[in-house]
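Visitor: Before I ask anything, let me first share the structure, which is written out below as structure tokens.
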Amino acid sequence: MPSILWFRRDLRLTDHPALCDAVAGDDTVVPLFVLDPALLEPAGGPRVRFMLDCLRALDDDLDGRLVVRTGDPADVVPALAREVEASAVHISADFNPYGRQRDYHVARALGEVPLQTTGSPYAVSPGRVSKPDGTPYRVYTPFYRAWTEHGYPRPPKRPARIDTVSGLRSDRLPAAPDIGDTALPEAGEQAALRRWADFRDEHLLKYAEDRNRPDIPSTSRLSAYLRWGCIHPRTPLADLESRTGKGTEVFRKELAWREFYADVLFHQPDSARDHLQPRYAGLKVDSGKSADERFAAWTEGRTGYPIVDAGMRQLRAEAWIHNRIRMVVASFLVKDLHLGWKQGARHFMRYLVDGDLASNQHGWQWVAGSGTDASPFYRVFNPVKQGQQFDPSGDYVRRYVPELRGVDGVAVHTPWDLPAPPDGYPTPIVEHDHERREALERYEAIKG
DNA sequence: TTTTGAGTTGTTCGA
DNA sequence: GTCGAACAACTCAAA
């Protein structure tokens, strides 16, 4: 009897325990992907397009044997299971609120056919690391220590052979959404593995020093691949085992942040929509026409603060923003424009190719102060200083803000000080010193 | 139970 | 220009 391997956010063939299980247990396998309208609609163009490209790459790696079906998984998966008389449906766990609910309904609809869960998108699945008293961690550093101690399995190899059921109907993948000039990374598992190898060999050594520099290629850029499971974090983690140095440790910690936020979301699914710290419901947030105009200026990269505008334009150009700059633009929205983190998080989820619910929502909440292990409220990023410190060459700003390309060096961060202000570049829509004090007052008002 | 120490990512001010 | 302290108190983790 064949089994079904239902791919979701694990679009790869190596380091895939559920696939190994499916191949080991049965004669043949049906590699399945379900185009679920409930997931595609809110995902945003870049992420959908990247996912479709990853599916094409996966299909190529399977010699064209990927079966695609469209519809509600609770209908589609059991129907296929009946069609091929499957012995089991194998999956990697999905811990997001929607995924958990979906899988519950699919398991019920499958009836006698087991929905067999093996592995997850994380080295250590959410819920597995907890304090000695059994409750989840709410602070990163102790979580990291416990996570390290917990350990994780070595990555399993790609199955030598995958025998599939032939002659099954497969839907055509839909046309990719139009995303204009946005340049996405090359999709698929092979691209992910190449990216990792390049980062490991060329950038890891200097990662600790350079990772905050958006003007030079210094980060792994694995986020989109991790989001769709083109690579599992075990693969880089296994490589890190045999290496030493600051960069190795710092990068391992970045991977652990992803796991920490997944754990937090697992334990508190509502934190994707609401403040983790309830008192932040009382924070005064602007609304109305003027707030809408400020939000539009932020999304379009015309706030008049070069580092902020460069970041927001990088989002449109690449569906990706350097991590340091994500903090800068988030801080600007929340503390200089006095808008809610949820509005910013929603925008990010719409445009980011790597948009991951747990990391995104909790990254925003960390900046806003409402999250786990949050930054102290008096910590307000100064967009000029951040630009001067982390983009000292000014190359990052010039890359994304053509109006400022004629300005040399670090002076690009203070265009208002130039003898002749650059043509077409806006003057700042708010004054940072003033808005900083305003933010501090508002935060003061909701102090615990 | 109580106590103690620590906590991703900053900025400003004054010496 | 550089350095350290202040910013405020709170929650969490662990002994």
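Every chain in the structure tokens takes a letter, A first, then B, and so on in the order presented; its residues are numbered from 1, and the ligands are numbered from 1 following the presented order.
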Would you kindly report the residues of chain A within 10 Å of chain C, using only C-alpha atoms (C1' of nucleotides), as a list in words?

Guide: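 Selected residues: Lys131, Pro132, Tyr137, Arg138, Val139, Thr141, Pro142, Phe143, Asp373, Pro376, Phe377, Tyr378, Arg379, Glu444, Lys447 and Gly448 of chain A.
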
Visitor: Counting only C-alpha atoms (C1' of nucleotides), a student should be able to say which residues of chain A come within 12 Å of chain B; what is the right answer, written as a PyMOL selection string?

Guide: chain A and resi 138-142+144+211-212+250+253-254+256-257+323-328+331+363+366-367+372-386+389-390+433+436

Visitor: Which neighbours of His338 (chain A) fall inside 8 Å, counting only C-alpha atoms (C1' of nucleotides), when residues of the same chain fewer than 3 positions from it are skipped, and could you give them as a list in words?

Guide: Lys284, Val285, Asp286, Leu333, Val334, Lys335 and Ala439 of chain A

Visitor: Got a sec: who's within 10 Å of Pro269 (chain A), counting only C-alpha atoms (C1' of nucleotides), leaving out chain neighbours fewer than 5 positions off, as a PyMOL selection string?

Guide: chain A and resi 95-98+262-264+274+276+358

Visitor: For the residues in that selection, give me N, CA and C atoms as an mmCIF file, in the first residue's frame.

Guide:
```cif
data_model
loop_
_atom_site.group_PDB
_atom_site.id
_atom_site.type_symbol
_atom_site.label_atom_id
_atom_site.label_comp_id
_atom_site.auth_asym_id
_atom_site.auth_seq_id
_atom_site.Cartn_x
_atom_site.Cartn_y
_atom_site.Cartn_z
ATOM 1 N N PHE A 95 3.344 24.155 13.548
ATOM 2 C CA PHE A 95 2.938 24.624 14.867
ATOM 3 C C PHE A 95 2.202 25.957 14.846
ATOM 4 N N ASN A 96 2.027 26.535 13.670
ATOM 5 C CA ASN A 96 1.297 27.801 13.609
ATOM 6 C C ASN A 96 -0.181 27.581 13.921
ATOM 7 N N PRO A 97 -0.849 28.637 14.421
ATOM 8 C CA PRO A 97 -2.256 28.466 14.814
ATOM 9 C C PRO A 97 -3.111 27.877 13.685
ATOM 10 N N TYR A 98 -2.986 28.417 12.481
ATOM 11 C CA TYR A 98 -3.799 27.898 11.371
ATOM 12 C C TYR A 98 -3.440 26.437 11.060
ATOM 13 N N ALA A 262 9.047 30.626 17.958
ATOM 14 C CA ALA A 262 8.075 29.578 17.616
ATOM 15 C C ALA A 262 7.521 28.950 18.894
ATOM 16 N N ASP A 263 8.382 28.799 19.889
ATOM 17 C CA ASP A 263 7.958 28.222 21.160
ATOM 18 C C ASP A 263 6.970 29.147 21.867
ATOM 19 N N VAL A 264 7.285 30.456 21.846
ATOM 20 C CA VAL A 264 6.398 31.423 22.486
ATOM 21 C C VAL A 264 5.026 31.415 21.808
ATOM 22 N N ASP A 274 -2.313 39.742 19.306
ATOM 23 C CA ASP A 274 -2.431 40.670 20.416
ATOM 24 C C ASP A 274 -1.132 40.854 21.177
ATOM 25 N N LEU A 276 1.536 40.601 23.826
ATOM 26 C CA LEU A 276 1.832 39.570 24.815
ATOM 27 C C LEU A 276 1.640 40.144 26.221
ATOM 28 N N ALA A 358 5.626 33.686 13.599
ATOM 29 C CA ALA A 358 6.200 33.774 14.945
ATOM 30 C C ALA A 358 7.320 34.815 14.994
#
```

Visitor: Among region 19-263 of chain A, which ones does DSSP assign to alpha helix (DSSP H) (computed from the backbone)? Answer as a PyMOL selection string.

Guide: chain A and resi 19-25+37-43+45-61+73-84+97-110+140-150+189-202+207-210+223-228+234-241+246-263

Visitor: Residues near Tyr122 (chain A), anyone? I mean within 8 Å using only C-alpha atoms (C1' of nucleotides), not counting same-chain ones fewer than 3 positions away, as a PyMOL selection string.

Guide: chain A and resi 119+125-126+232-234+259

Visitor: Please return, as a ChimeraX atom specification, all residues of region 74-220 of chain A that DSSP assigns to strand (DSSP E) on the basis of the backbone.

Guide: /A:89-91,115-117

Visitor: Distance CA of Asp171 (chain A)-CA of Leu35 (chain A), one decimal place?

Guide: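 Atom-to-atom, CA of Asp171 (chain A) and CA of Leu35 (chain A) are spaced 9.2 Å apart.
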
Visitor: Could you give me, as a PDB file with N, CA and C atoms, in the first residue's frame, the residues within 10 Å of region 174-177 of chain A, counting only C-alpha atoms (C1' of nucleotides) and dropping anything in the same chain fewer than 4 positions from it?

Guide:
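out_13.pdb, freshly written:
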```pdb
ATOM      1  N   LEU A  35      -2.601  23.090  -2.733  1.00  0.00           N
ATOM      2  CA  LEU A  35      -2.764  24.541  -2.845  1.00  0.00           C
ATOM      3  C   LEU A  35      -4.022  24.915  -2.076  1.00  0.00           C
ATOM      4  N   GLY A  44       0.488  37.227   0.315  1.00  0.00           N
ATOM      5  CA  GLY A  44       1.219  38.300  -0.353  1.00  0.00           C
ATOM      6  C   GLY A  44       1.980  37.775  -1.554  1.00  0.00           C
ATOM      7  N   GLY A  45       2.071  38.614  -2.579  1.00  0.00           N
ATOM      8  CA  GLY A  45       2.633  38.202  -3.860  1.00  0.00           C
ATOM      9  C   GLY A  45       4.014  37.582  -3.806  1.00  0.00           C
ATOM     10  N   PRO A  46       4.992  38.245  -3.187  1.00  0.00           N
ATOM     11  CA  PRO A  46       6.351  37.686  -3.215  1.00  0.00           C
ATOM     12  C   PRO A  46       6.450  36.307  -2.589  1.00  0.00           C
ATOM     13  N   ARG A  47       5.743  36.130  -1.469  1.00  0.00           N
ATOM     14  CA  ARG A  47       5.857  34.839  -0.789  1.00  0.00           C
ATOM     15  C   ARG A  47       5.189  33.739  -1.612  1.00  0.00           C
ATOM     16  N   VAL A  48       4.052  34.043  -2.226  1.00  0.00           N
ATOM     17  CA  VAL A  48       3.369  33.052  -3.057  1.00  0.00           C
ATOM     18  C   VAL A  48       4.218  32.704  -4.270  1.00  0.00           C
ATOM     19  N   ARG A  49       4.789  33.733  -4.875  1.00  0.00           N
ATOM     20  CA  ARG A  49       5.600  33.492  -6.060  1.00  0.00           C
ATOM     21  C   ARG A  49       6.814  32.623  -5.718  1.00  0.00           C
ATOM     22  N   PHE A  50       7.466  32.963  -4.607  1.00  0.00           N
ATOM     23  CA  PHE A  50       8.629  32.187  -4.183  1.00  0.00           C
ATOM     24  C   PHE A  50       8.223  30.747  -3.881  1.00  0.00           C
ATOM     25  N   MET A  51       7.070  30.590  -3.231  1.00  0.00           N
ATOM     26  CA  MET A  51       6.591  29.235  -2.926  1.00  0.00           C
ATOM     27  C   MET A  51       6.347  28.438  -4.202  1.00  0.00           C
ATOM     28  N   LEU A  52       5.718  29.077  -5.188  1.00  0.00           N
ATOM     29  CA  LEU A  52       5.452  28.380  -6.456  1.00  0.00           C
ATOM     30  C   LEU A  52       6.762  27.987  -7.138  1.00  0.00           C
ATOM     31  N   ASP A  53       7.738  28.888  -7.078  1.00  0.00           N
ATOM     32  CA  ASP A  53       9.048  28.557  -7.659  1.00  0.00           C
ATOM     33  C   ASP A  53       9.698  27.389  -6.908  1.00  0.00           C
ATOM     34  N   THR A  70      -5.710  21.078  -5.487  1.00  0.00           N
ATOM     35  CA  THR A  70      -6.179  22.389  -5.051  1.00  0.00           C
ATOM     36  C   THR A  70      -7.437  22.247  -4.215  1.00  0.00           C
TER      37      THR A  70
END
```

Visitor: I'd like the neighbourhood of Met1 (chain A) as an NGL selection string, where a residue qualifies if any of its atoms comes within 8 Å (using only C-alpha atoms (C1' of nucleotides)), though same-chain residues fewer than 3 positions away should be ignored.

Guide: :A and (26-28 or 85-87)

Visitor: Please dump the current selection as a tab-separated table (two decimals), in the first residue's frame; keep N, CA and C atoms.

Guide:
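Result written to again07.tsv:
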```
chain	number	residue	atom	x	y	z
A	26	ASP	N	6.79	1.91	3.30
A	26	ASP	CA	5.88	1.43	2.26
A	26	ASP	C	6.61	1.23	0.93
A	27	ASP	N	5.95	0.57	0.05
A	27	ASP	CA	6.52	0.35	-1.27
A	27	ASP	C	6.63	1.65	-2.05
A	28	THR	N	5.53	2.36	-2.10
A	28	THR	CA	5.51	3.56	-2.93
A	28	THR	C	4.99	4.76	-2.14
A	85	GLU	N	-5.72	4.43	-1.93
A	85	GLU	CA	-5.81	3.47	-0.82
A	85	GLU	C	-4.55	3.54	0.04
A	86	ALA	N	-4.27	4.75	0.52
A	86	ALA	CA	-3.05	5.00	1.27
A	86	ALA	C	-3.09	4.36	2.64
A	87	SER	N	-1.93	3.88	3.08
A	87	SER	CA	-1.83	3.29	4.41
A	87	SER	C	-1.67	4.39	5.47
```

Visitor: Report, in Å to a single decimal, how far apart CA of Pro392 (chain A) and CA of Gly406 (chain A) are.

Guide: 15.9 Å

Visitor: If I take CA of Arg313 (chain A) and CA of Trp298 (chain A), how far is one from the other in Å, to one decimal?

Guide: 9.6 Å
